[in-house]
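J.: TSV, C-alpha atoms, saved as structure.tsv, coming up:
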```
chain	number	residue	atom	x	y	z
A	1	GLU	CA	-65.15	37.90	99.59
A	2	ALA	CA	-63.56	40.14	97.07
A	3	GLY	CA	-66.12	42.25	95.29
A	4	THR	CA	-68.12	45.55	95.26
A	5	TYR	CA	-70.57	46.32	98.03
A	6	THR	CA	-73.25	49.06	98.82
A	7	VAL	CA	-74.15	50.34	102.30
A	8	ARG	CA	-77.54	52.08	102.75
A	9	LEU	CA	-78.60	54.31	105.67
A	10	LEU	CA	-82.12	53.26	106.66
A	11	GLY	CA	-82.70	55.45	109.69
A	12	ILE	CA	-81.13	57.53	112.46
A	13	GLY	CA	-83.34	56.65	115.43
A	14	SER	CA	-86.17	58.46	117.22
A	15	ASN	CA	-84.41	61.71	118.00
A	16	ALA	CA	-86.31	64.48	116.29
A	17	ASN	CA	-83.35	66.79	116.40
A	18	TYR	CA	-81.76	64.98	113.51
A	19	ALA	CA	-82.78	64.41	109.92
A	20	MET	CA	-81.71	61.80	107.32
A	21	PRO	CA	-78.81	62.93	105.03
A	22	GLU	CA	-79.44	63.36	101.35
A	23	ILE	CA	-76.81	60.71	100.47
A	24	ARG	CA	-77.94	57.59	102.10
A	25	GLU	CA	-75.79	54.99	100.12
A	26	PHE	CA	-72.03	54.28	100.10
A	27	VAL	CA	-70.34	51.93	97.56
A	28	TRP	CA	-67.14	50.21	98.59
A	29	GLU	CA	-64.91	47.42	97.21
A	30	ILE	CA	-62.93	44.52	98.57
A	31	LYS	CA	-60.12	43.96	96.05
A	32	PRO	CA	-58.63	40.51	95.31
A	33	ARG	CA	-55.52	39.83	97.33
A	34	PRO	CA	-52.33	39.56	95.26
A	35	ILE	CA	-50.63	36.24	95.56
A	36	ASN	CA	-47.44	34.79	94.11
A	37	ILE	CA	-47.21	31.73	91.88
A	38	ILE	CA	-44.31	29.38	92.23
A	39	TRP	CA	-43.32	28.09	88.78
A	40	THR	CA	-41.47	24.80	88.50
A	41	VAL	CA	-39.90	23.99	85.15
A	42	ASP	CA	-37.50	21.30	83.92
A	43	GLU	CA	-34.87	21.62	81.19
A	44	TYR	CA	-37.25	20.56	78.50
A	45	VAL	CA	-35.90	18.83	75.39
A	46	TYR	CA	-37.99	17.96	72.38
A	47	ASP	CA	-39.32	14.41	72.50
A	48	GLY	CA	-42.69	14.80	70.78
A	49	THR	CA	-44.71	15.19	74.00
A	50	LEU	CA	-46.45	18.24	75.48
A	51	LYS	CA	-44.33	20.25	77.88
A	52	THR	CA	-45.96	22.63	80.42
A	53	PRO	CA	-44.42	24.20	83.54
A	54	ILE	CA	-45.92	23.31	86.95
A	55	ALA	CA	-47.60	26.23	88.78
A	56	SER	CA	-48.44	26.33	92.51
A	57	VAL	CA	-49.71	29.05	94.84
A	58	ASP	CA	-47.28	30.47	97.36
A	59	PRO	CA	-48.96	29.51	100.65
A	60	ASP	CA	-47.52	32.53	102.42
A	61	SER	CA	-49.60	34.83	100.22
A	62	VAL	CA	-52.98	33.18	101.11
A	63	VAL	CA	-55.06	34.57	103.99
A	64	GLU	CA	-55.03	32.20	106.91
A	65	GLY	CA	-58.21	30.20	107.05
A	66	PHE	CA	-58.89	30.64	103.37
A	67	SER	CA	-57.75	28.60	100.38
A	68	CYS	CA	-56.73	29.28	96.80
A	69	GLY	CA	-55.69	26.85	94.11
A	70	ILE	CA	-54.76	26.57	90.41
A	71	SER	CA	-57.59	25.83	88.07
A	72	SER	CA	-55.46	25.55	84.86
A	73	VAL	CA	-52.07	26.28	83.28
A	74	LEU	CA	-52.18	27.30	79.63
A	75	GLY	CA	-49.47	27.78	76.96
A	76	GLY	CA	-47.64	24.45	76.87
A	77	GLY	CA	-45.73	23.35	73.74
A	78	ILE	CA	-44.47	20.29	71.87
A	79	ASP	CA	-41.98	21.55	69.31
A	80	ALA	CA	-38.66	23.14	70.17
A	81	GLY	CA	-39.04	26.84	70.80
A	82	THR	CA	-39.89	29.55	73.36
A	83	TYR	CA	-43.31	29.60	74.99
A	84	THR	CA	-45.29	31.65	77.55
A	85	ALA	CA	-47.35	29.76	80.10
A	86	THR	CA	-50.27	31.46	81.97
A	87	VAL	CA	-52.13	30.41	85.12
A	88	GLU	CA	-55.81	30.63	86.13
A	89	LEU	CA	-56.95	30.53	89.81
A	90	ASN	CA	-59.98	28.79	91.28
A	91	SER	CA	-60.78	31.75	93.56
A	92	THR	CA	-61.76	35.29	92.65
A	93	ASN	CA	-60.51	36.52	96.01
A	94	TYR	CA	-56.97	36.51	94.70
A	95	THR	CA	-55.08	37.92	91.76
A	96	VAL	CA	-51.74	36.66	90.41
A	97	SER	CA	-48.80	39.02	90.34
A	98	ASN	CA	-46.69	36.73	88.07
A	99	VAL	CA	-49.40	35.23	85.89
A	100	GLU	CA	-47.04	34.57	82.92
A	101	TYR	CA	-43.91	32.48	82.77
A	102	GLU	CA	-41.60	32.08	79.73
A	103	PHE	CA	-39.96	28.70	79.17
A	104	VAL	CA	-37.98	26.93	76.47
A	105	ILE	CA	-38.17	23.52	74.82
A	106	ALA	CA	-34.67	22.86	73.46
A	107	PRO	CA	-34.04	20.96	70.21
A	108	LYS	CA	-32.85	17.41	70.63
A	109	SER	CA	-29.17	16.86	69.90
A	110	ILE	CA	-28.56	14.34	67.13
A	111	ASP	CA	-25.26	13.05	65.75
A	112	VAL	CA	-24.16	13.38	62.13
A	113	VAL	CA	-22.49	10.61	60.15
A	114	TRP	CA	-20.64	11.08	56.84
A	115	SER	CA	-20.08	9.02	53.70
A	116	ASP	CA	-18.33	9.51	50.34
A	117	THR	CA	-15.25	11.27	51.71
A	118	SER	CA	-12.88	10.44	48.83
A	119	PHE	CA	-13.22	11.64	45.24
A	120	VAL	CA	-11.22	11.67	42.02
A	121	TYR	CA	-10.93	14.95	40.13
A	122	ASP	CA	-13.44	15.12	37.28
A	123	GLY	CA	-13.96	18.86	36.86
A	124	SER	CA	-17.12	18.86	39.01
A	125	ALA	CA	-17.69	20.12	42.56
A	126	HIS	CA	-17.73	17.45	45.29
A	127	ILE	CA	-18.70	17.27	48.95
A	128	PRO	CA	-19.32	14.32	51.31
A	129	THR	CA	-22.84	13.17	52.14
A	130	ALA	CA	-24.09	13.84	55.70
A	131	THR	CA	-26.99	12.06	57.43
A	132	VAL	CA	-28.22	11.87	61.02
A	133	VAL	CA	-28.03	8.80	63.21
A	134	LYS	CA	-31.43	7.15	62.85
A	135	ASP	CA	-31.52	6.06	66.50
A	136	GLY	CA	-31.38	9.72	67.49
A	137	ILE	CA	-34.74	10.59	65.94
A	138	ALA	CA	-37.22	11.18	68.76
A	139	VAL	CA	-40.47	10.65	66.92
A	140	ALA	CA	-41.05	8.09	64.21
A	141	GLY	CA	-41.76	9.88	60.98
A	142	ASP	CA	-39.66	12.97	61.76
A	143	LYS	CA	-37.68	13.94	58.68
A	144	VAL	CA	-34.24	15.36	59.40
A	145	GLU	CA	-31.88	16.35	56.59
A	146	VAL	CA	-28.41	17.83	56.97
A	147	ASN	CA	-27.32	21.01	55.19
A	148	VAL	CA	-23.59	21.03	54.45
A	149	SER	CA	-21.01	23.51	53.13
A	150	GLY	CA	-17.46	23.28	51.81
A	151	GLU	CA	-17.79	21.71	48.35
A	152	GLN	CA	-14.61	21.73	46.27
A	153	THR	CA	-13.53	20.98	42.70
A	154	ASN	CA	-9.75	20.80	42.53
A	155	LYS	CA	-7.32	18.23	43.92
A	156	GLY	CA	-6.57	18.64	47.63
A	157	ASN	CA	-7.51	17.93	51.24
A	158	TYR	CA	-10.56	19.78	52.55
A	159	ALA	CA	-13.09	19.96	55.40
A	160	ALA	CA	-16.88	19.82	55.02
A	161	THR	CA	-19.21	21.21	57.70
A	162	ALA	CA	-22.76	20.34	58.70
A	163	THR	CA	-24.21	23.85	59.08
A	164	SER	CA	-27.85	23.16	60.00
A	165	LEU	CA	-30.69	20.66	60.04
A	166	SER	CA	-33.95	20.84	58.14
A	167	ASN	CA	-36.02	20.14	61.28
A	168	LYS	CA	-35.96	22.83	64.02
A	169	ASN	CA	-36.70	20.20	66.68
A	170	TYR	CA	-33.15	18.87	66.31
A	171	LYS	CA	-29.66	20.32	66.58
A	172	ILE	CA	-26.31	18.98	65.42
A	173	GLY	CA	-24.48	16.95	68.02
A	174	SER	CA	-21.17	15.23	67.28
A	175	GLY	CA	-19.71	14.85	63.79
A	176	ALA	CA	-20.27	18.43	62.67
A	177	THR	CA	-17.17	18.38	60.42
A	178	VAL	CA	-15.33	15.83	58.33
A	179	GLU	CA	-12.19	15.83	56.21
A	180	PHE	CA	-12.36	14.72	52.60
A	181	THR	CA	-9.96	14.34	49.71
A	182	ILE	CA	-10.02	14.93	45.96
A	183	THR	CA	-7.20	12.96	44.33
A	184	PRO	CA	-5.72	13.74	40.89
A	185	LYS	CA	-7.10	12.10	37.76
A	186	GLU	CA	-4.61	9.67	36.25
A	187	VAL	CA	-3.41	10.06	32.66
A	188	LYS	CA	-1.33	7.84	30.39
A	189	ILE	CA	1.58	8.88	28.20
A	190	HIS	CA	2.01	8.33	24.47
A	191	TRP	CA	5.40	9.32	23.07
A	192	ALA	CA	5.87	10.88	19.63
A	193	ASN	CA	8.78	12.34	17.62
A	194	THR	CA	11.40	10.01	19.04
A	195	MET	CA	13.56	10.24	15.88
A	196	LEU	CA	14.70	13.82	15.52
A	197	THR	CA	17.15	15.63	13.26
A	198	TYR	CA	19.80	18.08	14.41
A	199	ASN	CA	18.70	21.72	14.13
A	200	GLY	CA	21.03	23.49	16.53
A	201	GLU	CA	18.46	23.70	19.33
A	202	ALA	CA	17.68	21.51	22.33
A	203	GLN	CA	15.12	18.84	21.36
A	204	ALA	CA	13.18	16.07	23.07
A	205	PRO	CA	10.31	13.75	22.12
A	206	VAL	CA	6.73	14.90	22.64
A	207	ALA	CA	4.80	13.30	25.51
A	208	LYS	CA	1.11	13.26	24.60
A	209	LEU	CA	-1.38	12.68	27.44
A	210	GLU	CA	-4.43	10.42	27.35
A	211	GLY	CA	-7.29	11.10	29.76
A	212	VAL	CA	-7.34	14.91	29.96
A	213	LEU	CA	-10.84	16.39	30.32
A	214	ASN	CA	-12.19	18.72	27.66
A	215	GLY	CA	-11.40	22.31	28.52
A	216	ASP	CA	-8.44	21.48	30.78
A	217	THR	CA	-4.87	22.34	29.85
A	218	VAL	CA	-2.21	19.86	30.93
A	219	GLU	CA	1.34	19.58	29.65
A	220	ALA	CA	3.90	16.92	30.45
A	221	ILE	CA	7.16	18.21	31.93
A	222	VAL	CA	9.83	16.43	29.91
A	223	GLU	CA	13.50	16.40	30.95
A	224	GLY	CA	16.42	15.15	28.91
A	225	ALA	CA	16.37	17.51	25.90
A	226	GLN	CA	19.60	17.35	23.88
A	227	VAL	CA	21.26	19.41	21.14
A	228	ASN	CA	23.86	17.27	19.42
A	229	ALA	CA	23.33	14.30	17.13
A	230	ASN	CA	23.33	10.94	18.89
A	231	ASP	CA	21.15	7.83	19.10
A	232	THR	CA	21.44	6.99	22.80
A	233	TYR	CA	19.42	9.69	24.55
A	234	LYS	CA	16.69	9.20	27.13
A	235	ALA	CA	13.74	11.53	27.86
A	236	THR	CA	11.73	11.38	31.08
A	237	VAL	CA	8.36	12.84	32.12
A	238	THR	CA	9.02	14.24	35.61
A	239	GLY	CA	5.67	15.88	36.24
A	240	LEU	CA	2.58	17.58	34.88
A	241	SER	CA	1.70	21.27	34.62
A	242	ASN	CA	-1.74	20.79	36.21
A	243	SER	CA	-1.95	19.46	39.79
A	244	ASN	CA	-5.41	18.01	39.12
A	245	TYR	CA	-3.73	15.26	37.11
A	246	ALA	CA	-1.20	12.54	37.94
A	247	ILE	CA	0.78	10.12	35.83
A	248	ALA	CA	-0.69	6.61	35.96
A	249	ALA	CA	1.44	3.99	37.68
A	250	ASP	CA	1.65	1.91	34.49
A	251	ALA	CA	2.43	4.87	32.24
A	252	VAL	CA	5.65	4.84	30.18
A	253	LYS	CA	7.56	7.69	31.79
A	254	GLU	CA	10.87	7.18	29.97
A	255	ILE	CA	11.68	6.76	26.29
A	256	GLN	CA	14.82	6.36	24.21
A	257	PHE	CA	15.25	8.85	21.39
A	258	SER	CA	17.79	9.84	18.80
A	259	ILE	CA	18.92	12.99	17.04
A	260	ALA	CA	20.15	12.26	13.53
A	261	LYS	CA	22.81	14.35	11.87
A	262	GLY	CA	21.56	17.26	9.84
A	263	ARG	CA	21.91	17.20	6.08
A	264	ASN	CA	24.55	19.48	4.62
A	265	GLU	CA	23.79	21.62	1.61
A	266	PHE	CA	26.03	23.22	-0.99
A	267	VAL	CA	25.55	26.84	-1.97
A	268	ASN	CA	26.81	28.33	-5.27
A	269	LEU	CA	27.25	25.18	-7.33
A	270	PRO	CA	27.17	26.39	-10.96
A	271	ASN	CA	23.98	25.78	-12.91
A	272	ILE	CA	23.58	24.64	-16.51
A	273	GLY	CA	24.31	27.47	-18.92
A	274	GLU	CA	26.80	29.36	-16.68
A	275	VAL	CA	30.15	30.21	-18.30
A	276	VAL	CA	33.19	30.41	-16.03
A	277	ASP	CA	36.51	31.91	-17.15
A	278	GLU	CA	38.52	30.08	-14.53
A	279	PHE	CA	38.94	26.58	-13.26
A	280	PRO	CA	35.83	24.92	-11.84
A	281	TRP	CA	34.90	26.06	-8.31
A	282	SER	CA	37.96	28.14	-7.67
A	283	GLY	CA	38.37	31.69	-6.46
A	284	GLU	CA	35.12	33.59	-5.95
A	285	ASN	CA	33.17	30.80	-7.63
A	286	LYS	CA	34.13	28.23	-5.05
A	287	PRO	CA	30.95	26.76	-3.53
A	288	TYR	CA	30.41	26.94	0.23
A	289	ASP	CA	28.49	24.90	2.79
A	290	LYS	CA	25.18	26.38	3.99
A	291	PHE	CA	25.97	25.38	7.59
A	292	GLY	CA	29.58	26.52	7.69
A	293	GLY	CA	31.42	23.30	6.94
A	294	GLN	CA	34.72	23.41	5.07
A	295	VAL	CA	34.35	22.75	1.32
A	296	ILE	CA	37.18	20.80	-0.22
A	297	ILE	CA	37.63	20.85	-4.02
A	298	LYS	CA	39.40	17.84	-5.51
A	299	TYR	CA	40.47	17.17	-9.09
A	300	TYR	CA	40.94	13.72	-10.61
A	301	THR	CA	42.53	12.42	-13.77
A	302	ASP	CA	40.29	9.37	-14.14
A	303	GLU	CA	36.59	8.94	-14.54
A	304	ALA	CA	36.32	6.72	-11.46
A	305	CYS	CA	37.86	9.53	-9.39
A	306	THR	CA	40.52	7.31	-7.88
A	307	GLN	CA	43.58	9.24	-9.20
A	308	GLU	CA	43.63	12.64	-7.53
A	309	PHE	CA	45.53	15.46	-9.23
A	310	THR	CA	47.44	17.03	-6.35
A	311	GLY	CA	49.43	19.58	-8.27
A	312	ASP	CA	48.61	23.16	-9.22
A	313	ILE	CA	45.52	22.75	-11.38
A	314	SER	CA	46.24	26.06	-13.09
A	315	LYS	CA	49.42	24.48	-14.44
A	316	ALA	CA	47.89	21.14	-15.30
A	317	PRO	CA	48.82	19.64	-18.64
A	318	GLU	CA	46.31	19.09	-21.44
A	319	GLY	CA	43.88	16.25	-20.92
A	320	SER	CA	40.58	15.18	-19.32
A	321	TYR	CA	39.84	15.96	-15.66
A	322	TRP	CA	37.06	15.52	-13.16
A	323	VAL	CA	36.24	17.91	-10.30
A	324	VAL	CA	34.35	17.07	-7.06
A	325	ALA	CA	33.20	19.28	-4.14
A	326	ILE	CA	33.30	17.60	-0.71
A	327	VAL	CA	32.22	18.54	2.85
A	328	GLU	CA	33.33	15.99	5.39
A	329	ALA	CA	30.95	14.75	8.08
A	330	THR	CA	30.99	16.46	11.49
A	331	GLU	CA	29.45	15.62	14.85
A	332	ASN	CA	26.12	17.08	13.82
A	333	TYR	CA	26.09	17.05	10.02
A	334	GLU	CA	26.35	14.35	7.37
A	335	GLY	CA	29.14	14.62	4.84
A	336	ILE	CA	28.13	15.49	1.26
A	337	GLN	CA	29.80	15.24	-2.11
A	338	SER	CA	28.83	16.56	-5.49
A	339	ILE	CA	28.75	14.38	-8.56
A	340	PRO	CA	31.98	14.48	-10.57
A	341	TYR	CA	32.07	17.08	-13.33
A	342	ALA	CA	34.26	16.27	-16.37
A	343	PHE	CA	36.22	18.91	-18.27
A	344	SER	CA	39.15	19.02	-20.70
A	345	ILE	CA	42.26	21.20	-20.80
A	346	GLU	CA	43.76	21.97	-24.19
A	347	GLY	CA	47.04	23.89	-24.51
A	348	GLY	CA	47.00	25.68	-21.12
A	349	PHE	CA	44.93	26.81	-18.15
A	350	ASN	CA	42.97	29.94	-19.17
A	351	VAL	CA	39.69	28.28	-20.13
A	352	GLY	CA	35.92	28.73	-20.46
A	353	LEU	CA	33.63	26.18	-18.73
A	354	VAL	CA	29.95	25.22	-18.89
A	355	VAL	CA	28.87	22.92	-16.02
A	356	SER	CA	25.82	21.59	-14.19
A	357	GLY	CA	25.52	19.29	-11.21
A	358	ILE	CA	23.45	17.54	-8.56
A	359	VAL	CA	24.40	17.38	-4.86
A	360	ILE	CA	24.38	13.86	-3.43
A	361	SER	CA	25.05	12.38	0.00
A	362	VAL	CA	28.28	10.53	0.65
A	363	LEU	CA	26.03	7.58	1.31
A	364	LEU	CA	25.46	7.39	-2.47
A	365	LEU	CA	29.07	7.30	-3.51
A	366	GLY	CA	28.75	3.68	-4.55
A	367	ALA	CA	26.00	4.47	-7.01
A	368	VAL	CA	26.52	5.03	-10.70
A	369	LEU	CA	27.25	8.76	-11.15
A	370	ALA	CA	26.29	10.65	-14.30
A	371	LEU	CA	29.18	12.49	-15.85
A	372	VAL	CA	28.97	15.74	-17.69
A	373	LEU	CA	31.62	16.06	-20.30
A	374	ILE	CA	32.85	19.58	-20.72
A	375	THR	CA	35.24	20.50	-23.46
A	376	ILE	CA	37.39	23.46	-22.61
A	377	LYS	CA	39.24	25.25	-25.38
A	378	LYS	CA	42.16	27.46	-24.87
A	379	ARG	CA	41.40	31.19	-25.12
A	380	GLN	CA	44.09	32.65	-27.40
A	381	LYS	CA	45.76	35.90	-26.41
A	382	GLY	CA	44.37	38.83	-28.38
A	383	GLY	CA	42.07	36.63	-30.38
A	384	ALA	CA	38.75	34.74	-30.32
A	385	VAL	CA	38.24	31.43	-28.53
```
Could you render the structure from this file as structure tokens?

T.:
Amino acid sequence: EAGTYTVRLLGIGSNANYAMPEIREFVWEIKPRPINIIWTVDEYVYDGTLKTPIASVDPDSVVEGFSCGISSVLGGGIDAGTYTATVELNSTNYTVSNVEYEFVIAPKSIDVVWSDTSFVYDGSAHIPTATVVKDGIAVAGDKVEVNVSGEQTNKGNYAATATSLSNKNYKIGSGATVEFTITPKEVKIHWANTMLTYNGEAQAPVAKLEGVLNGDTVEAIVEGAQVNANDTYKATVTGLSNSNYAIAADAVKEIQFSIAKGRNEFVNLPNIGEVVDEFPWSGENKPYDKFGGQVIIKYYTDEACTQEFTGDISKAPEGSYWVVAIVEATENYEGIQSIPYAFSIEGGFNVGLVVSGIVISVLLLGAVLALVLITIKKRQKGGAV
């Protein structure tokens, strides 16, 4: 047997020529014989049961006629992970050269399923919901949650990924990724300023949007702006400035609009109290149109302004006259006409004049017009008026 032994010298016989040595004991040892363990292990996968490798003694390392067996194998495991198993023998005559053996219990593969893969933009971050297939759970009561990445906020097509599981006894099988979509938020259109007035610049109605979230900036892209006066134009919303929004299917994308003619305006009509030493609105005192239209001055011999004086007004005979300033209508401006101003010529054409007036639209020509009677006296040569 393996162990430590002592040999004692008890005597050397009857020969008197020899004596007993001083050291009469000798200690010696029989060491355990090294043997090899054969480890047998499966590809263990977590299933909630204890997993331990199988150990057996290599029969070639046991002395013939003697026996040696395994008394126990320690170090088994249940959860997924790496373990070290150890063996104990039932004989002290042997020692194990490979007493430890490392083995692995792998996590169980479990499939992932997804839900909520379509969203509408609302300014918040979104990501699909991932769960595991319930039938894949090995042990009733095991809690397995899926951690995901890839959340997004803006409109577009994206991919979400299951990155890990909350339970180390499981690993992600199929369904690790999924595609998801965030579609634009729909808005409606309300048109404003559809009746415009000519101003020399391109104009179009304003498309106001209903349904835009607070903090977002979205403008409608409107085509069809026009410059000239007309009442048969059409404006169209062709898109939006923010891709997170879309025009609703029932939105009014097109609208008719008009540009009215601009209103003309006289400049330099004489005011009350001004004295003019020449005929009304002639020479440097002729009024002009603020927007460049041609001003026509006409003189009449009747109060109703139906009998135009077409001769040289500076050579007109004595009598009562009426003067009117006119700008004819153009493509982009209304025509205008001043009220008639009355004056008298006595004995010639070098006169003094006091006038006042109000500019009116040609649309008011049928109205009753106030007349200002102006008496003009001849200025005598070399003398007072």

J.: Record the distance separating atom CA of A:Lys188 and atom CA of A:Asn242, expressed in Å with one decimal.

T.: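 Between atom CA of A:Lys188 and atom CA of A:Asn242 the gap works out to 14.2 Å.
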
J.: For stretch 208-224 of chain A, list every protein, DNA or RNA residue within 12 Å, evaluated using all atoms listed in the file, and leave out those in the same chain fewer than 6 positions away; present the list as a PyMOL selection string.

T.: chain A and resi 121-124+154+184-193+202+232-248+251-258

J.: How many Å lie between atom CA of A:Asn93 and atom CA of A:Ile54, rounded to one decimal?

T.: 21.7 Å

J.: Please provide the set of residues having any atom within 12 Å of stretch 55-59 of chain A, restricted to only C-alpha atoms, with same-chain residues fewer than 2 positions apart removed, written as a ChimeraX atom specification.

T.: /A:34-41,52-53,61-74,85-91,94-101

J.: Can I get the selection written as a compact mmCIF listing (two decimals), in the coordinates of the input, with C-alpha atoms?

T.:
```txt
# COMPACT_ATOMS: atom_id res chain seq x y z
CA PRO A 34 -52.33 39.56 95.26
CA ILE A 35 -50.63 36.24 95.56
CA ASN A 36 -47.44 34.79 94.11
CA ILE A 37 -47.21 31.73 91.88
CA ILE A 38 -44.31 29.38 92.23
CA TRP A 39 -43.32 28.09 88.78
CA THR A 40 -41.47 24.80 88.50
CA VAL A 41 -39.90 23.99 85.15
CA THR A 52 -45.96 22.63 80.42
CA PRO A 53 -44.42 24.20 83.54
CA SER A 61 -49.60 34.83 100.22
CA VAL A 62 -52.98 33.18 101.11
CA VAL A 63 -55.06 34.57 103.99
CA GLU A 64 -55.03 32.20 106.91
CA GLY A 65 -58.21 30.20 107.05
CA PHE A 66 -58.89 30.64 103.37
CA SER A 67 -57.75 28.60 100.38
CA CYS A 68 -56.73 29.28 96.80
CA GLY A 69 -55.69 26.85 94.11
CA ILE A 70 -54.76 26.57 90.41
CA SER A 71 -57.59 25.83 88.07
CA SER A 72 -55.46 25.55 84.86
CA VAL A 73 -52.07 26.28 83.28
CA LEU A 74 -52.18 27.30 79.63
CA ALA A 85 -47.35 29.76 80.10
CA THR A 86 -50.27 31.46 81.97
CA VAL A 87 -52.13 30.41 85.12
CA GLU A 88 -55.81 30.63 86.13
CA LEU A 89 -56.95 30.53 89.81
CA ASN A 90 -59.98 28.79 91.28
CA SER A 91 -60.78 31.75 93.56
CA TYR A 94 -56.97 36.51 94.70
CA THR A 95 -55.08 37.92 91.76
CA VAL A 96 -51.74 36.66 90.41
CA SER A 97 -48.80 39.02 90.34
CA ASN A 98 -46.69 36.73 88.07
CA VAL A 99 -49.40 35.23 85.89
CA GLU A 100 -47.04 34.57 82.92
CA TYR A 101 -43.91 32.48 82.77
```

J.: Tell me, in Å to one decimal, how far atom CA of A:Leu165 is from atom CA of A:Ser118.

T.: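 Separating atom CA of A:Leu165 from atom CA of A:Ser118 is a distance of 23.4 Å.
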
J.: Extract, using only C-alpha atoms, all DNA, RNA and protein residues at most 10 Å from A:Pro128, discarding same-chain residues fewer than 5 positions from it, and format them as a PyMOL selection string.

T.: chain A and resi 114-119+148-151+159-161+178-181

J.: Using all atoms listed in the file, find the one residue out of A:Tyr321, A:Tyr46, A:Tyr5, A:Phe266 that sits nearest to A:Asn167.

T.: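 Distance minimum relative to A:Asn167 lands on A:Tyr46.
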
J.: With all atoms listed in the file as the basis for distance, which of A:Val139, A:Ala304, A:Val146, A:Ile296 is at the shortest distance from A:Thr177?

T.: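 Ranked by minimum distance to A:Thr177, first place goes to A:Val146.
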
J.: Stretch 205-221 of chain A, all listed atoms, 3 Å padding on each side: what axis-aligned box centre and edge lengths in Å to one decimal come out, as AutoDock Vina command-line options?

T.:
```
--center_x -0.9 --center_y 16.4 --center_z 27.0 --size_x 28.5 --size_y 17.9 --size_z 15.8
```

J.: May I ask which of the residues A:Trp28, A:Ala204, A:Glu328, A:Glu102 is the closest one to A:Arg263, counting only C-alpha atoms?

T.: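 Among A:Trp28, A:Ala204, A:Glu328, A:Glu102, it is A:Glu328 that comes nearest to A:Arg263.
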
J.: Could you pull the residues within 9 Å of A:Thr197, counting only C-alpha atoms, minus those fewer than 4 positions along the same chain, as a list of chain:residue names?

T.: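 Contacts, in chain order: A:Gln203, A:Ala229, A:Ser258, A:Ile259, A:Ala260, A:Lys261, A:Gly262, A:Arg263.
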
J.: Within 10 Å of A:Val144, counting all atoms listed in the file, which residues qualify if same-chain residues fewer than 3 places away don't, as number ranges by chain?

T.: A: 110, 131-134, 137, 141, 147, 165-171

J.: Between A:Ala2, A:Leu50, A:Met195, A:Ala125, which one has atoms that come closest to A:Arg33, using all atoms listed in the file?

T.: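 Among the listed residues, the smallest separation from A:Arg33 belongs to A:Ala2.
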
J.: Could you please give me, as an MDAnalysis selection string, the residues of protein, DNA or RNA lying at most 8 Å from (33.4, 18.3, 5.6) in the coordinate frame of the file, considering all atoms listed in the file?

T.: chainID A and resid 293:296 326:330 335:336

J.: Return stretch 219-227 of chain A, completed with N, CA, C and O atoms, as an mmCIF file, keeping the file's coordinate frame.

T.:
```cif
data_model
loop_
_atom_site.group_PDB
_atom_site.id
_atom_site.type_symbol
_atom_site.label_atom_id
_atom_site.label_comp_id
_atom_site.auth_asym_id
_atom_site.auth_seq_id
_atom_site.Cartn_x
_atom_site.Cartn_y
_atom_site.Cartn_z
ATOM 1 N N GLU A 219 0.144 19.886 30.425
ATOM 2 C CA GLU A 219 1.340 19.580 29.650
ATOM 3 C C GLU A 219 2.270 18.708 30.470
ATOM 4 O O GLU A 219 2.405 18.897 31.680
ATOM 5 N N ALA A 220 2.900 17.765 29.788
ATOM 6 C CA ALA A 220 3.900 16.920 30.450
ATOM 7 C C ALA A 220 5.205 17.694 30.564
ATOM 8 O O ALA A 220 5.620 18.389 29.637
ATOM 9 N N ILE A 221 5.838 17.596 31.718
ATOM 10 C CA ILE A 221 7.160 18.210 31.930
ATOM 11 C C ILE A 221 8.198 17.165 31.564
ATOM 12 O O ILE A 221 8.345 16.143 32.251
ATOM 13 N N VAL A 222 8.883 17.403 30.456
ATOM 14 C CA VAL A 222 9.830 16.430 29.910
ATOM 15 C C VAL A 222 11.251 16.931 30.150
ATOM 16 O O VAL A 222 11.596 18.053 29.781
ATOM 17 N N GLU A 223 12.078 16.098 30.765
ATOM 18 C CA GLU A 223 13.500 16.400 30.950
ATOM 19 C C GLU A 223 14.327 15.479 30.083
ATOM 20 O O GLU A 223 13.913 14.363 29.759
ATOM 21 N N GLY A 224 15.512 15.963 29.721
ATOM 22 C CA GLY A 224 16.420 15.150 28.910
ATOM 23 C C GLY A 224 16.620 15.690 27.505
ATOM 24 O O GLY A 224 17.182 14.990 26.665
ATOM 25 N N ALA A 225 16.178 16.934 27.234
ATOM 26 C CA ALA A 225 16.370 17.510 25.900
ATOM 27 C C ALA A 225 17.860 17.600 25.575
ATOM 28 O O ALA A 225 18.689 17.871 26.454
ATOM 29 N N GLN A 226 18.207 17.352 24.318
ATOM 30 C CA GLN A 226 19.600 17.350 23.880
ATOM 31 C C GLN A 226 19.739 18.170 22.597
ATOM 32 O O GLN A 226 18.764 18.410 21.878
ATOM 33 N N VAL A 227 20.986 18.586 22.320
ATOM 34 C CA VAL A 227 21.260 19.410 21.140
ATOM 35 C C VAL A 227 21.961 18.607 20.053
ATOM 36 O O VAL A 227 21.556 18.619 18.888
#
```
